[in-house]
Structures are given as structure tokens and as C-alpha cells.
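Colleague: Have a look at the structure that comes next, please.
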Amino acid sequence: MYPGKFITFEGGEACGKSTQIRRFADALRAEGREVLLTREPGGTRLSELVRGLLKDEREDPPVDRAELLLFLAARAQLVKNVIRPALAKGVWVVSDRFCDSTFAYQGYGRGMPLDAIRLMNAFATEDLKPDLTFLLDVPPETARARRAGREAATATAADRIEAAGDAFHARLRTGFLEMAAAEPDRIRVVDASGDVDDVARKILNAFESIKQQPRSNP
């Protein structure tokens, strides 16, 4: 039993996670809670180095199996050195992505076997699961337009995963929604196609239902 809570944000590319995570963390702090924001892959020096490897496609991009293992290695480091210690101190940890992204991207997206991913993820995390997950869902055409707008506004190109193609991103969305249907108590689907304020309200309303729930993670 941990005194802290572990809350994750999931979704496909351009779903608005970064903005909503910051607003959600601010709302938690306004209630007097100590909050730690982190991201995947990342959150530790080693994990940030892995993030660079995963996004770099210039010379030797990772093959699918290597991609999966790199994500899991970064997660193992983050869980051991950051997430579990924070939860044990009563800190509320809010993460931009966690295990559900691996099932969606490497499982549904890349076609890696879900059972194998499940076993490897359990090993990497020592069975740590989020208390609550917000799945920010947007229609494919909305996500596509947002990605194009972001690239134009920042004068940047899509990274290796963002540029994987429409069929890949459609499989991601299918995977996320299937996982949400299988775990409705943990994964709350939020329609993220509206404006920022509307989405933030939906997230805070969903959050109310878990405030008093005790952790059951080991």
C-alpha cells in the first residue's frame, strides 16, 4: 500500500496530453498535494538517453523488438528510481504515458505479441499499475490536422513514430479503446476533440471518483 497515487495520461499523437497534464497537476497542487510530473520514455538520465535513441532515425533506427526492449528498459529505471520512491513518500505521480502506450504502440501498432509484452512489462515494473488512467481520444482526422498544425507552427518534421502512417495510428486508437473497454474502472476515456477548457473539466470530473480509493499496488 502506497500513500501516494499514480495517475497516467495516454492517447495517440496530438491528443493534447502535455497541456492537460500540466493543468491537472496544477489542480492537484491547488488542493495541497505534492505532485511529481514525469514522462515516458524519460524521467531519469538513463531513460532520457533512451528517449533520444528511440526518436533518432538518422542512421540506425531500432527494429521493432529493440524498440520494445528500449521502452521497457527506460520504464524499469523510472519505476525503480523515481515512481516507487515518490509514491512511498505520499507524492502523487502523474506520468505522460506508461504501460498502456507499450501495448498500443508496440502491440497493436507494430504487431508484437501482447502476451509477451504483458510478461516483459510486469518484469520491468514489478507489476506496478496506475491507479487511474486518462485516455485522451480524438478522431483520426482531428489528430492529423493537429499534427500538421504543430509541425507548421514549430517548423519541425514529424519524428519516426509520428510519421508511421495513418494505418499505424488507426491501430493505436483501436488498441487504446479496447484496453479501456477491458478496464473501465481504471481507464477513463475522455473526448479530447473539444477546446482545452472543456477537456480539462472532463478530466477533473473523472478524477473525483478515485480520490478516496486506497492503493492496491505492492
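Chain labels follow the order of the C-alpha cells: the first chain is A, the next B, and so on; residue numbering restarts at 1 in every chain, and ligands are counted from 1 in their shown order.
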Enumerate the residues of stretch 70-132 of chain A with a DSSP assignment of strand (DSSP E or B), computed from the backbone, and present them as JSON, numbers by chain.

Modeller: {"A": [92, 93, 94, 95, 96, 132]}

Colleague: Can I get the selected residues back with N, CA, C and O atoms, as a short mmCIF file (atom, residue, chain, number, x, y, z; two decimals), in the first residue's frame?

Modeller:
```cif
data_model
loop_
_atom_site.label_atom_id
_atom_site.label_comp_id
_atom_site.auth_asym_id
_atom_site.auth_seq_id
_atom_site.Cartn_x
_atom_site.Cartn_y
_atom_site.Cartn_z
N TRP A 92 2.00 12.37 -5.27
CA TRP A 92 1.13 11.97 -6.37
C TRP A 92 1.93 12.07 -7.66
O TRP A 92 2.37 13.16 -8.05
N VAL A 93 2.13 10.93 -8.32
CA VAL A 93 2.93 10.88 -9.54
C VAL A 93 1.99 10.92 -10.74
O VAL A 93 1.06 10.11 -10.85
N VAL A 94 2.25 11.86 -11.63
CA VAL A 94 1.46 12.00 -12.86
C VAL A 94 2.40 11.80 -14.03
O VAL A 94 3.36 12.57 -14.19
N SER A 95 2.14 10.79 -14.84
CA SER A 95 3.06 10.43 -15.92
C SER A 95 2.43 10.60 -17.30
O SER A 95 1.30 10.18 -17.54
N ASP A 96 3.20 11.19 -18.18
CA ASP A 96 2.85 11.28 -19.59
C ASP A 96 3.26 9.96 -20.23
O ASP A 96 4.41 9.76 -20.58
N LEU A 132 -5.24 5.35 -11.86
CA LEU A 132 -6.20 5.91 -12.81
C LEU A 132 -5.46 6.32 -14.06
O LEU A 132 -4.34 6.84 -13.99
#
```

Colleague: Mind running stretch 19-113 of chain A against stretch 158-172 of chain A at 8 Å and telling me each contacting residue's nearest atom pair with the distance in Å (one decimal), counting only C-alpha atoms, chain and number ascending, as CSV?

Modeller:
```
residue,atom,partner,partner_atom,distance
A:Lys55,CA,A:Arg160,CA,6.1
A:Asp56,CA,A:Arg160,CA,7.4
A:Glu57,CA,A:Arg160,CA,6.3
A:Ala104,CA,A:Leu172,CA,5.1
A:Tyr105,CA,A:Leu172,CA,5.9
A:Tyr108,CA,A:Arg171,CA,5.8
A:Gly109,CA,A:Phe168,CA,5.4
A:Arg110,CA,A:Phe168,CA,7.7
```

Colleague: Could the residues in this selection be saved with C-alpha atoms as a compact mmCIF listing (two decimals), in the first residue's frame?

Modeller:
```
# COMPACT_ATOMS: atom_id res chain seq x y z
CA LYS A 55 13.50 9.19 -31.65
CA ASP A 56 16.71 9.22 -33.68
CA GLU A 57 16.21 7.79 -37.16
CA ALA A 104 -0.88 0.25 -28.06
CA TYR A 105 2.26 1.23 -29.97
CA TYR A 108 -1.38 -3.10 -31.70
CA GLY A 109 0.74 -0.74 -33.79
CA ARG A 110 3.83 -2.83 -34.51
```

Colleague: Mind giving me the straight-line distance from atom CA of A:Ser101 to atom CA of A:Leu177 in Å, one decimal?

Modeller: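 Computed distance, atom CA of A:Ser101 to atom CA of A:Leu177, equals 11.7 Å.
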
Colleague: Write out as number ranges by chain each polymer residue whose atoms come within 6 Å of A:Leu135, counting only C-alpha atoms; drop sequence neighbours fewer than 3 positions from it.

Modeller: A: 10-11, 188-190

Colleague: Just to confirm, what's the straight-line distance from atom CA of A:Arg39 to atom CA of A:Arg97 in Å (one decimal)?

Modeller: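 Distance between the two atoms: 6.2 Å.
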
Colleague: Which polymer residues have any atom within 7 Å of an atom of stretch 44-50 of chain A, counting only C-alpha atoms, with same-chain residues fewer than 3 positions away left out, as a PDB file with N, CA, C and O atoms, in the first residue's frame?

Modeller:
```
ATOM      1  N   PRO A  41       9.211   7.774 -22.883  1.00  0.00           N
ATOM      2  CA  PRO A  41      10.396   7.401 -22.098  1.00  0.00           C
ATOM      3  C   PRO A  41      11.075   8.659 -21.577  1.00  0.00           C
ATOM      4  O   PRO A  41      11.066   9.695 -22.227  1.00  0.00           O
ATOM      5  N   LEU A  53      17.560   7.819 -28.295  1.00  0.00           N
ATOM      6  CA  LEU A  53      17.798   6.701 -29.207  1.00  0.00           C
ATOM      7  C   LEU A  53      16.533   6.306 -29.950  1.00  0.00           C
ATOM      8  O   LEU A  53      16.557   5.997 -31.147  1.00  0.00           O
ATOM      9  N   LEU A  54      15.398   6.319 -29.242  1.00  0.00           N
ATOM     10  CA  LEU A  54      14.136   5.912 -29.850  1.00  0.00           C
ATOM     11  C   LEU A  54      13.647   6.903 -30.899  1.00  0.00           C
ATOM     12  O   LEU A  54      12.992   6.521 -31.870  1.00  0.00           O
ATOM     13  N   LEU A  70      13.851  -1.256 -25.524  1.00  0.00           N
ATOM     14  CA  LEU A  70      14.326   0.053 -25.075  1.00  0.00           C
ATOM     15  C   LEU A  70      13.273   0.764 -24.236  1.00  0.00           C
ATOM     16  O   LEU A  70      13.580   1.351 -23.186  1.00  0.00           O
ATOM     17  N   ALA A  74      13.808   1.746 -20.218  1.00  0.00           N
ATOM     18  CA  ALA A  74      13.602   3.091 -19.685  1.00  0.00           C
ATOM     19  C   ALA A  74      12.557   3.077 -18.577  1.00  0.00           C
ATOM     20  O   ALA A  74      12.690   3.771 -17.559  1.00  0.00           O
ATOM     21  N   GLN A  77      13.899   1.651 -15.183  1.00  0.00           N
ATOM     22  CA  GLN A  77      14.715   2.635 -14.480  1.00  0.00           C
ATOM     23  C   GLN A  77      13.838   3.690 -13.807  1.00  0.00           C
ATOM     24  O   GLN A  77      14.077   4.077 -12.653  1.00  0.00           O
ATOM     25  N   LEU A  78      12.827   4.143 -14.518  1.00  0.00           N
ATOM     26  CA  LEU A  78      11.934   5.170 -13.987  1.00  0.00           C
ATOM     27  C   LEU A  78      11.140   4.658 -12.786  1.00  0.00           C
ATOM     28  O   LEU A  78      11.001   5.363 -11.778  1.00  0.00           O
TER      29      LEU A  78
END
```

Colleague: Among stretch 23-170 of chain A, which residues does DSSP mark as helix (DSSP H, G or I) when it is run on the backbone? Keep the chain and numbering as in the structure and answer as a ChimeraX atom specification.

Modeller: /A:23-30,45-55,64-88,99-109,114-125,140-154,162-164,166-170

Colleague: Write out as a list in words the residues lying within 10 Å of stretch 27-31 of chain A, counting only C-alpha atoms and excluding same-chain residues fewer than 6 positions away.

Modeller: Ile21, Trp92, Ala200 and Leu204 of chain A

Colleague: Leaving out A:Ala124 and any residue of its chain fewer than 6 positions from it, which residues lie within 12 Å of it when counting only C-alpha atoms, given as an mmCIF file with C-alpha atoms, in the first residue's frame?

Modeller:
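Result went into part32.cif, see below:
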```cif
data_model
loop_
_atom_site.group_PDB
_atom_site.id
_atom_site.type_symbol
_atom_site.label_atom_id
_atom_site.label_comp_id
_atom_site.auth_asym_id
_atom_site.auth_seq_id
_atom_site.Cartn_x
_atom_site.Cartn_y
_atom_site.Cartn_z
ATOM 1 C CA LEU A 68 10.086 -2.613 -27.344
ATOM 2 C CA LEU A 69 13.064 -3.531 -25.173
ATOM 3 C CA LEU A 70 14.326 0.053 -25.075
ATOM 4 C CA PHE A 71 10.948 1.328 -23.881
ATOM 5 C CA LEU A 72 10.847 -1.335 -21.185
ATOM 6 C CA ALA A 73 14.412 -0.604 -20.056
ATOM 7 C CA ALA A 74 13.602 3.091 -19.685
ATOM 8 C CA ARG A 75 10.441 2.200 -17.740
ATOM 9 C CA ALA A 76 12.260 -0.149 -15.365
ATOM 10 C CA GLN A 77 14.715 2.635 -14.480
ATOM 11 C CA LEU A 78 11.934 5.170 -13.987
ATOM 12 C CA VAL A 79 9.814 2.891 -11.785
ATOM 13 C CA LYS A 80 12.699 1.829 -9.569
ATOM 14 C CA PHE A 98 3.153 4.350 -19.139
ATOM 15 C CA CYS A 99 2.485 0.685 -19.903
ATOM 16 C CA ILE A 117 4.633 -7.657 -23.844
ATOM 17 C CA ARG A 118 2.472 -8.309 -20.784
#
```

Colleague: I need the residue nearest A:Ser18 from this list: A:Lys129, A:Val35, A:Leu136, A:Asp100. Use only C-alpha atoms for the distance.

Modeller: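 Smallest distance to A:Ser18 is found for A:Leu136.
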
Colleague: Counting only C-alpha atoms, figure out which residue out of A:Leu128, A:Ala145, A:Val91, A:Leu114 gets nearest to A:Gly175.

Modeller: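 Ranked by minimum distance to A:Gly175, first place goes to A:Leu114.
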
Colleague: Go ahead and compute the interatomic distance for atom CA of A:Pro140 and atom CA of A:Gly52, in Å to one decimal.

Modeller: 26.6 Å
